[in-house]
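Asker: You'll find model25.pdb just under this line, and it carries PDB, C-alpha atoms.
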```
ATOM      1  CA  MET A   1     125.872 151.774 126.941
ATOM      2  CA  ASN A   2     122.255 150.626 127.191
ATOM      3  CA  LEU A   3     119.810 153.259 125.947
ATOM      4  CA  VAL A   4     116.057 153.181 126.545
ATOM      5  CA  ILE A   5     114.157 155.140 123.870
ATOM      6  CA  ASN A   6     110.516 155.992 124.490
ATOM      7  CA  GLU A   7     107.975 157.665 122.200
ATOM      8  CA  VAL A   8     106.191 160.091 124.527
ATOM      9  CA  HIS A   9     103.172 162.383 124.501
ATOM     10  CA  ILE A  10     103.520 165.554 126.540
ATOM     11  CA  PRO A  11     100.413 167.496 127.639
ATOM     12  CA  ALA A  12     100.919 171.261 127.261
ATOM     13  CA  GLY A  13      97.707 173.058 128.063
ATOM     14  CA  LEU A  14      95.260 172.164 125.271
ATOM     15  CA  ALA A  15      98.047 170.743 123.097
ATOM     16  CA  ILE A  16      99.656 167.307 123.086
ATOM     17  CA  LEU A  17     103.301 167.379 121.998
ATOM     18  CA  GLN A  18     105.114 164.406 120.449
ATOM     19  CA  GLY A  19     108.588 163.523 121.677
ATOM     20  CA  ASN A  20     111.392 160.998 122.015
ATOM     21  CA  LEU A  21     112.868 160.389 125.455
ATOM     22  CA  ASN A  22     116.304 158.754 125.409
ATOM     23  CA  VAL A  23     117.632 157.572 128.766
ATOM     24  CA  PRO A  24     121.052 155.877 129.058
ATOM     25  CA  ASP A  25     121.969 153.694 132.004
ATOM     26  CA  SER A  26     122.922 155.722 135.060
ATOM     27  CA  ALA A  27     121.885 159.009 133.440
ATOM     28  CA  THR A  28     123.135 161.970 135.441
ATOM     29  CA  ALA A  29     120.962 164.728 133.946
ATOM     30  CA  LEU A  30     118.251 165.380 131.339
ATOM     31  CA  VAL A  31     118.648 167.793 128.421
ATOM     32  CA  LEU A  32     115.474 169.092 126.766
ATOM     33  CA  PHE A  33     115.800 170.243 123.157
ATOM     34  CA  ALA A  34     114.029 173.382 121.918
ATOM     35  CA  HIS A  35     114.327 173.706 118.146
ATOM     36  CA  GLY A  36     113.464 176.561 115.831
ATOM     37  CA  SER A  37     110.860 176.876 113.106
ATOM     38  CA  GLY A  38     110.747 174.280 110.367
ATOM     39  CA  SER A  39     112.582 171.773 112.537
ATOM     40  CA  SER A  40     111.309 168.868 114.632
ATOM     41  CA  ARG A  41     112.340 166.045 116.912
ATOM     42  CA  HIS A  42     113.394 164.233 113.724
ATOM     43  CA  SER A  43     116.049 166.846 112.864
ATOM     44  CA  PRO A  44     119.268 164.970 111.959
ATOM     45  CA  ARG A  45     121.327 167.746 113.577
ATOM     46  CA  ASN A  46     119.513 167.561 116.896
ATOM     47  CA  GLN A  47     119.541 163.763 116.811
ATOM     48  CA  PHE A  48     123.300 163.813 116.264
ATOM     49  CA  VAL A  49     123.811 166.125 119.248
ATOM     50  CA  SER A  50     121.422 163.991 121.289
ATOM     51  CA  ARG A  51     123.465 160.841 120.608
ATOM     52  CA  THR A  52     126.639 162.623 121.680
ATOM     53  CA  LEU A  53     124.981 163.682 124.936
ATOM     54  CA  ASN A  54     123.640 160.149 125.495
ATOM     55  CA  ASN A  55     127.173 158.798 125.087
ATOM     56  CA  ALA A  56     128.249 161.204 127.832
ATOM     57  CA  GLY A  57     125.643 159.777 130.207
ATOM     58  CA  LEU A  58     122.991 162.458 129.671
ATOM     59  CA  ALA A  59     119.336 161.685 129.005
ATOM     60  CA  THR A  60     117.682 163.700 126.230
ATOM     61  CA  LEU A  61     114.138 164.734 125.378
ATOM     62  CA  LEU A  62     113.612 165.778 121.763
ATOM     63  CA  PHE A  63     110.063 166.997 121.255
ATOM     64  CA  ASP A  64     108.035 169.134 118.892
ATOM     65  CA  LEU A  65     107.199 172.520 120.386
ATOM     66  CA  LEU A  66     104.262 172.878 117.983
ATOM     67  CA  THR A  67     101.477 170.450 117.113
ATOM     68  CA  PRO A  68     101.218 169.265 113.464
ATOM     69  CA  GLU A  69      98.322 171.677 112.948
ATOM     70  CA  GLU A  70     100.325 174.585 114.348
ATOM     71  CA  GLU A  71     103.296 173.641 112.132
ATOM     72  CA  LEU A  72     101.063 173.770 109.040
ATOM     73  CA  ALA A  73      99.681 177.161 110.054
ATOM     74  CA  ASP A  74     103.160 178.460 110.801
ATOM     75  CA  ALA A  75     104.432 177.332 107.388
ATOM     76  CA  ARG A  76     101.787 179.554 105.801
ATOM     77  CA  THR A  77     101.737 182.536 108.127
ATOM     78  CA  ALA A  78     104.923 182.358 110.295
ATOM     79  CA  GLU A  79     102.613 183.141 113.234
ATOM     80  CA  HIS A  80     104.303 180.843 115.759
ATOM     81  CA  ARG A  81     108.002 180.714 114.929
ATOM     82  CA  PHE A  82     108.828 184.011 116.643
ATOM     83  CA  ASN A  83     106.267 183.574 119.431
ATOM     84  CA  ILE A  84     108.924 183.113 122.096
ATOM     85  CA  ARG A  85     106.356 183.237 124.874
ATOM     86  CA  LEU A  86     104.455 180.270 123.392
ATOM     87  CA  LEU A  87     107.616 178.261 122.706
ATOM     88  CA  ALA A  88     108.931 178.912 126.229
ATOM     89  CA  GLU A  89     105.574 177.923 127.711
ATOM     90  CA  ARG A  90     105.737 174.602 125.865
ATOM     91  CA  LEU A  91     109.271 174.042 127.183
ATOM     92  CA  VAL A  92     108.069 174.716 130.732
ATOM     93  CA  HIS A  93     105.233 172.192 130.288
ATOM     94  CA  ALA A  94     107.735 169.598 129.032
ATOM     95  CA  THR A  95     109.991 170.254 132.023
ATOM     96  CA  TYR A  96     107.119 169.749 134.474
ATOM     97  CA  TRP A  97     106.175 166.561 132.623
ATOM     98  CA  ALA A  98     109.753 165.241 132.836
ATOM     99  CA  LYS A  99     109.870 165.931 136.576
ATOM    100  CA  GLN A 100     106.826 163.662 136.984
ATOM    101  CA  GLN A 101     108.231 160.672 135.087
ATOM    102  CA  ARG A 102     109.845 157.811 136.977
ATOM    103  CA  GLN A 103     112.872 157.700 134.656
ATOM    104  CA  THR A 104     113.673 161.405 134.811
ATOM    105  CA  ARG A 105     112.083 162.932 137.904
ATOM    106  CA  ASP A 106     115.330 162.924 139.893
ATOM    107  CA  LEU A 107     117.576 164.219 137.101
ATOM    108  CA  ARG A 108     118.911 167.757 136.921
ATOM    109  CA  ILE A 109     117.748 169.719 133.895
ATOM    110  CA  GLY A 110     119.540 171.405 131.002
ATOM    111  CA  TYR A 111     118.156 173.110 127.872
ATOM    112  CA  PHE A 112     119.614 172.865 124.361
ATOM    113  CA  GLY A 113     118.069 175.527 122.096
ATOM    114  CA  SER A 114     118.522 176.118 118.368
ATOM    115  CA  SER A 115     117.474 179.189 116.361
ATOM    116  CA  THR A 116     114.391 180.747 118.037
ATOM    117  CA  GLY A 117     114.496 177.846 120.509
ATOM    118  CA  GLY A 118     117.544 179.562 122.008
ATOM    119  CA  GLY A 119     115.362 182.483 123.041
ATOM    120  CA  ALA A 120     112.658 180.149 124.333
ATOM    121  CA  ALA A 121     115.212 178.267 126.444
ATOM    122  CA  VAL A 122     116.332 181.484 128.120
ATOM    123  CA  VAL A 123     112.764 182.570 128.932
ATOM    124  CA  ALA A 124     111.810 179.129 130.259
ATOM    125  CA  ALA A 125     114.959 178.958 132.389
ATOM    126  CA  VAL A 126     114.029 182.265 134.007
ATOM    127  CA  GLU A 127     110.591 180.855 134.835
ATOM    128  CA  LEU A 128     112.146 177.720 136.384
ATOM    129  CA  PRO A 129     115.328 178.989 138.069
ATOM    130  CA  ASP A 130     115.424 176.145 140.598
ATOM    131  CA  GLU A 131     115.012 173.427 137.953
ATOM    132  CA  VAL A 132     117.223 174.477 135.037
ATOM    133  CA  GLY A 133     120.942 174.171 135.702
ATOM    134  CA  ALA A 134     122.464 174.900 132.281
ATOM    135  CA  ILE A 135     121.649 176.221 128.811
ATOM    136  CA  VAL A 136     123.367 175.672 125.463
ATOM    137  CA  SER A 137     122.287 177.646 122.388
ATOM    138  CA  ARG A 138     123.317 176.486 118.886
ATOM    139  CA  GLY A 139     123.024 179.189 116.231
ATOM    140  CA  GLY A 140     120.352 180.549 118.516
ATOM    141  CA  ARG A 141     118.496 183.797 119.005
ATOM    142  CA  PRO A 142     118.845 184.436 122.742
ATOM    143  CA  ASP A 143     118.351 188.121 121.954
ATOM    144  CA  LEU A 144     114.659 187.321 121.429
ATOM    145  CA  ALA A 145     114.392 186.618 125.165
ATOM    146  CA  GLY A 146     114.483 190.393 125.707
ATOM    147  CA  GLU A 147     114.027 191.451 129.312
ATOM    148  CA  ALA A 148     114.550 187.870 130.540
ATOM    149  CA  LEU A 149     118.266 187.995 129.664
ATOM    150  CA  PRO A 150     119.552 189.746 132.829
ATOM    151  CA  LYS A 151     117.428 187.409 134.983
ATOM    152  CA  VAL A 152     119.000 184.136 133.828
ATOM    153  CA  LYS A 153     120.772 182.188 136.569
ATOM    154  CA  ALA A 154     121.707 179.039 134.631
ATOM    155  CA  PRO A 155     125.248 178.958 133.191
ATOM    156  CA  THR A 156     124.814 179.569 129.458
ATOM    157  CA  LEU A 157     126.945 178.570 126.464
ATOM    158  CA  LEU A 158     126.254 180.387 123.179
ATOM    159  CA  ILE A 159     127.640 178.595 120.098
ATOM    160  CA  VAL A 160     127.647 180.391 116.739
ATOM    161  CA  GLY A 161     129.269 179.671 113.385
ATOM    162  CA  ALA A 162     132.076 182.049 112.397
ATOM    163  CA  GLU A 163     130.375 182.724 109.045
ATOM    164  CA  ASP A 164     127.024 183.574 110.660
ATOM    165  CA  ASP A 165     127.818 187.274 111.030
ATOM    166  CA  ILE A 166     124.405 188.666 111.986
ATOM    167  CA  VAL A 167     123.745 185.946 114.539
ATOM    168  CA  ILE A 168     127.197 186.472 116.069
ATOM    169  CA  GLU A 169     126.326 190.111 116.634
ATOM    170  CA  LEU A 170     122.930 189.250 118.127
ATOM    171  CA  ASN A 171     124.554 186.722 120.471
ATOM    172  CA  GLU A 172     127.171 189.262 121.536
ATOM    173  CA  GLN A 173     124.384 191.696 122.387
ATOM    174  CA  ALA A 174     122.551 189.019 124.369
ATOM    175  CA  ARG A 175     125.716 187.953 126.194
ATOM    176  CA  ASP A 176     126.395 191.523 127.256
ATOM    177  CA  GLN A 177     122.965 191.708 128.927
ATOM    178  CA  MET A 178     123.356 188.488 130.877
ATOM    179  CA  ARG A 179     124.622 188.462 134.460
ATOM    180  CA  CYS A 180     125.033 184.712 134.905
ATOM    181  CA  LYS A 181     128.052 182.673 133.845
ATOM    182  CA  VAL A 182     127.957 183.005 130.051
ATOM    183  CA  LYS A 183     130.392 182.027 127.308
ATOM    184  CA  LEU A 184     130.281 182.698 123.562
ATOM    185  CA  GLU A 185     132.037 180.111 121.389
ATOM    186  CA  ILE A 186     132.630 180.770 117.669
ATOM    187  CA  VAL A 187     133.073 177.647 115.513
ATOM    188  CA  PRO A 188     135.632 178.402 112.761
ATOM    189  CA  GLY A 189     134.374 178.086 109.193
ATOM    190  CA  ALA A 190     130.820 177.196 110.214
ATOM    191  CA  THR A 191     127.646 178.723 108.799
ATOM    192  CA  HIS A 192     124.241 178.949 110.488
ATOM    193  CA  LEU A 193     123.338 175.249 110.237
ATOM    194  CA  PHE A 194     126.840 173.914 110.996
ATOM    195  CA  GLU A 195     126.755 171.760 107.862
ATOM    196  CA  GLU A 196     130.509 171.988 107.225
ATOM    197  CA  PRO A 197     132.692 168.909 107.934
ATOM    198  CA  GLY A 198     133.383 168.626 111.656
ATOM    199  CA  ALA A 199     131.288 171.675 112.622
ATOM    200  CA  LEU A 200     128.380 169.825 114.215
ATOM    201  CA  GLU A 201     130.792 167.445 115.951
ATOM    202  CA  CYS A 202     132.414 170.505 117.496
ATOM    203  CA  VAL A 203     129.019 171.811 118.668
ATOM    204  CA  ALA A 204     128.049 168.452 120.134
ATOM    205  CA  GLN A 205     131.328 168.107 122.011
ATOM    206  CA  MET A 206     131.142 171.644 123.433
ATOM    207  CA  ALA A 207     127.540 171.057 124.531
ATOM    208  CA  SER A 208     128.398 167.705 126.096
ATOM    209  CA  VAL A 209     131.228 169.171 128.178
ATOM    210  CA  TRP A 210     129.074 172.142 129.257
ATOM    211  CA  PHE A 211     126.182 169.977 130.416
ATOM    212  CA  VAL A 212     128.380 167.404 132.153
ATOM    213  CA  ASP A 213     130.234 170.180 133.979
ATOM    214  CA  HIS A 214     127.115 172.066 135.089
ATOM    215  CA  VAL A 215     124.315 169.528 135.537
ATOM    216  CA  GLY A 216     125.878 166.100 135.060
ATOM    217  CA  GLN A 217     128.043 165.853 138.141
TER
END
```
Show me, as structure tokens, the structure contained in the file I just sent.
Answerer:
Amino acid sequence: MNLVINEVHIPAGLAILQGNLNVPDSATALVLFAHGSGSSRHSPRNQFVSRTLNNAGLATLLFDLLTPEEELADARTAEHRFNIRLLAERLVHATYWAKQQRQTRDLRIGYFGSSTGGGAAVVAAVELPDEVGAIVSRGGRPDLAGEALPKVKAPTLLIVGAEDDIVIELNEQARDQMRCKVKLEIVPGATHLFEEPGALECVAQMASVWFVDHVGQ
């Protein structure tokens, strides 16, 4: 597999977001990553999942939802990490940007959200129902999407670790409000960050199959 990796700069209103766009030969779809607070495009977990998706023929865009200045402010005040509206808005900007790029403009779109990024992915997908064909949430907080949940059209896979009790409950509540195709997968023995042996591999494989089935055909 040949993989073209580009450092990219994504305009999002007054902000410029840094990202990595990975496009394998004959890519069939593009998955945008929306991470939670304290994470970034350099997250080893997201990079691992991204490589698995690339190997399945899916392009990936890992980008920082916050600017470096916003990250510093958030580390002190936590003012942005639960601002789902802001995070979703940044994801929408990144989607519009991707649809204007030669390499990705014709690809169908999926969202991979982690932690609060799971909520942002749901809200953004509701804003772009004709663009977003699938969502995967890893240890996510889709419940934070609130009133957007029943409006989601994109088939959604919620993945939670079996030892992440509170987040399981929050995902069950979110699932019960959704009217689209939705599936909750519990990874045995896994905690919130899926650091246990084989746990992240399981997440990556589930996500790969979901995206290939729903946007990669």
Asker: Find, counting only C-alpha atoms, the residue in A:Thr95, A:Ser137, A:Thr104, A:Asn2 that gets nearest to Thr28 (chain A).
Answerer: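 The closest residue to Thr28 (chain A) is A:Thr104.
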Asker: Residues at most 12 Å from region 182-197 of chain A, counting all atoms listed in the file, excluding those fewer than 4 positions away in the same chain, as a PyMOL selection string?
Answerer: chain A and resi 36+39+43-46+48-49+114-115+122+134-142+149-150+152-178+201-207+210
Asker: Which residues, named as in the file, does the PyMOL selection byres ((chain A and resi 124-126) around 9) pick out? Answer as a ChimeraX atom specification.
Answerer: /A:85,87-92,110-111,119-123,127-135,148-149,151-154
Asker: Determine the residue membership of the PyMOL selection byres ((chain A and resi 101) around 12) for the file above and supply it as number ranges by chain.
Answerer: A: 6, 8-10, 21, 23, 30, 94-100, 102-107
Asker: Report, in Å to a single decimal, how far apart CA of Thr60 (chain A) and CA of Ala15 (chain A) are.
Answerer: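 Pair CA of Ala15 (chain A) / CA of Thr60 (chain A) returns 21.1 Å.
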Asker: For the file shown, report as a JSON list (two decimals) with C-alpha atoms, in the coordinates of the input the outcome of the PyMOL selection byres ((chain A and resi 17) around 7) at residue level.
Answerer:
```json
[["chain", "number", "residue", "atom", "x", "y", "z"],
["A", 9, "HIS", "CA", 103.17, 162.38, 124.50],
["A", 10, "ILE", "CA", 103.52, 165.55, 126.54],
["A", 11, "PRO", "CA", 100.41, 167.50, 127.64],
["A", 12, "ALA", "CA", 100.92, 171.26, 127.26],
["A", 15, "ALA", "CA", 98.05, 170.74, 123.10],
["A", 16, "ILE", "CA", 99.66, 167.31, 123.09],
["A", 18, "GLN", "CA", 105.11, 164.41, 120.45],
["A", 19, "GLY", "CA", 108.59, 163.52, 121.68],
["A", 63, "PHE", "CA", 110.06, 167.00, 121.26],
["A", 64, "ASP", "CA", 108.04, 169.13, 118.89],
["A", 65, "LEU", "CA", 107.20, 172.52, 120.39],
["A", 66, "LEU", "CA", 104.26, 172.88, 117.98],
["A", 67, "THR", "CA", 101.48, 170.45, 117.11]]
```
Asker: Between CA of Thr116 (chain A) and CA of Leu200 (chain A), what is the distance in Å, rounded to a tenth?
Answerer: 18.2 Å
Asker: Could you write out as JSON the box around region 64-76 of chain A (axis-aligned, all atoms listed in the file, 6 Å on each side), with centre and edge lengths in Å to one decimal?
Answerer:
```
{"center_x": 103.2, "center_y": 174.3, "center_z": 113.1, "size_x": 21.7, "size_y": 22.4, "size_z": 26.6}
```
Asker: What separation in Å, quoted to one decimal, exists between CA of Asp25 (chain A) and CA of Arg51 (chain A)?
Answerer: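 Between CA of Asp25 (chain A) and CA of Arg51 (chain A) the gap works out to 13.5 Å.
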Asker: Given only C-alpha atoms as the basis, pick out the residue of A:Ile109, A:His214, A:Asn22, A:Leu3 nearest to Lys181 (chain A).
Answerer: A:His214
Asker: Find, counting all atoms listed in the file, the residue in A:Leu86, A:Leu62, A:Ala56, A:Leu144 that gets nearest to Ala29 (chain A).
Answerer: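 Once distances to Ala29 (chain A) are computed over all atoms listed in the file, the minimum belongs to A:Ala56.
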Asker: Could you tell me which of A:Leu72, A:Gln217, A:Phe112, A:Gly118 comes closest to Leu53 (chain A) if we count all atoms listed in the file?
Answerer: A:Phe112
Asker: Go through A:Ile84, A:Asn55, A:His93, A:Ala75 and flag the residue nearest Leu14 (chain A), using all atoms listed in the file for the distances.
Answerer: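 For Leu14 (chain A), the nearest of the candidates is A:His93.
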Asker: Missing atoms in region 98-122 of chain A should be modelled up to N, CA and C atoms and reported as an mmCIF file, keeping the file's coordinate frame.
Answerer:
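New file rebuild12.cif:
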```cif
data_model
loop_
_atom_site.group_PDB
_atom_site.id
_atom_site.type_symbol
_atom_site.label_atom_id
_atom_site.label_comp_id
_atom_site.auth_asym_id
_atom_site.auth_seq_id
_atom_site.Cartn_x
_atom_site.Cartn_y
_atom_site.Cartn_z
ATOM 1 N N ALA A 98 108.563 166.065 132.585
ATOM 2 C CA ALA A 98 109.753 165.241 132.836
ATOM 3 C C ALA A 98 109.980 165.033 134.331
ATOM 4 N N LYS A 99 109.660 166.046 135.132
ATOM 5 C CA LYS A 99 109.870 165.931 136.576
ATOM 6 C C LYS A 99 108.828 165.016 137.238
ATOM 7 N N GLN A 100 107.835 164.583 136.450
ATOM 8 C CA GLN A 100 106.826 163.662 136.984
ATOM 9 C C GLN A 100 107.036 162.223 136.519
ATOM 10 N N GLN A 101 107.999 162.008 135.624
ATOM 11 C CA GLN A 101 108.231 160.672 135.087
ATOM 12 C C GLN A 101 109.243 159.914 135.946
ATOM 13 N N ARG A 102 108.989 158.630 136.131
ATOM 14 C CA ARG A 102 109.845 157.811 136.977
ATOM 15 C C ARG A 102 111.302 157.842 136.510
ATOM 16 N N GLN A 103 111.509 157.778 135.190
ATOM 17 C CA GLN A 103 112.872 157.700 134.656
ATOM 18 C C GLN A 103 113.667 158.989 134.813
ATOM 19 N N THR A 104 112.976 160.116 134.900
ATOM 20 C CA THR A 104 113.673 161.405 134.811
ATOM 21 C C THR A 104 113.387 162.359 135.975
ATOM 22 N N ARG A 105 112.514 161.969 136.878
ATOM 23 C CA ARG A 105 112.083 162.932 137.904
ATOM 24 C C ARG A 105 113.212 163.402 138.820
ATOM 25 N N ASP A 106 114.240 162.560 138.978
ATOM 26 C CA ASP A 106 115.330 162.924 139.893
ATOM 27 C C ASP A 106 116.537 163.527 139.180
ATOM 28 N N LEU A 107 116.433 163.711 137.868
ATOM 29 C CA LEU A 107 117.576 164.219 137.101
ATOM 30 C C LEU A 107 117.579 165.748 137.069
ATOM 31 N N ARG A 108 118.777 166.308 137.109
ATOM 32 C CA ARG A 108 118.911 167.757 136.921
ATOM 33 C C ARG A 108 118.643 168.093 135.460
ATOM 34 N N ILE A 109 118.268 169.327 135.208
ATOM 35 C CA ILE A 109 117.748 169.719 133.895
ATOM 36 C C ILE A 109 118.690 170.689 133.179
ATOM 37 N N GLY A 110 118.865 170.454 131.873
ATOM 38 C CA GLY A 110 119.540 171.405 131.002
ATOM 39 C C GLY A 110 118.676 171.644 129.771
ATOM 40 N N TYR A 111 118.876 172.776 129.107
ATOM 41 C CA TYR A 111 118.156 173.110 127.872
ATOM 42 C C TYR A 111 119.154 173.275 126.732
ATOM 43 N N PHE A 112 118.831 172.677 125.572
ATOM 44 C CA PHE A 112 119.614 172.865 124.361
ATOM 45 C C PHE A 112 118.693 173.524 123.332
ATOM 46 N N GLY A 113 118.943 174.791 123.007
ATOM 47 C CA GLY A 113 118.069 175.527 122.096
ATOM 48 C C GLY A 113 118.761 175.852 120.779
ATOM 49 N N SER A 114 118.007 175.764 119.695
ATOM 50 C CA SER A 114 118.522 176.118 118.368
ATOM 51 C C SER A 114 117.619 177.181 117.750
ATOM 52 N N SER A 115 118.226 178.123 117.035
ATOM 53 C CA SER A 115 117.474 179.189 116.361
ATOM 54 C C SER A 115 116.582 179.899 117.388
ATOM 55 N N THR A 116 115.272 180.059 117.093
ATOM 56 C CA THR A 116 114.391 180.747 118.037
ATOM 57 C C THR A 116 114.239 179.958 119.339
ATOM 58 N N GLY A 117 114.526 178.642 119.286
ATOM 59 C CA GLY A 117 114.496 177.846 120.509
ATOM 60 C C GLY A 117 115.516 178.311 121.530
ATOM 61 N N GLY A 118 116.578 178.991 121.079
ATOM 62 C CA GLY A 118 117.544 179.562 122.008
ATOM 63 C C GLY A 118 116.916 180.632 122.878
ATOM 64 N N GLY A 119 116.085 181.468 122.281
ATOM 65 C CA GLY A 119 115.362 182.483 123.041
ATOM 66 C C GLY A 119 114.352 181.867 123.985
ATOM 67 N N ALA A 120 113.648 180.832 123.497
ATOM 68 C CA ALA A 120 112.658 180.149 124.333
ATOM 69 C C ALA A 120 113.315 179.497 125.535
ATOM 70 N N ALA A 121 114.502 178.914 125.341
ATOM 71 C CA ALA A 121 115.212 178.267 126.444
ATOM 72 C C ALA A 121 115.568 179.269 127.545
ATOM 73 N N VAL A 122 115.986 180.455 127.140
ATOM 74 C CA VAL A 122 116.332 181.484 128.120
ATOM 75 C C VAL A 122 115.105 181.892 128.931
#
```
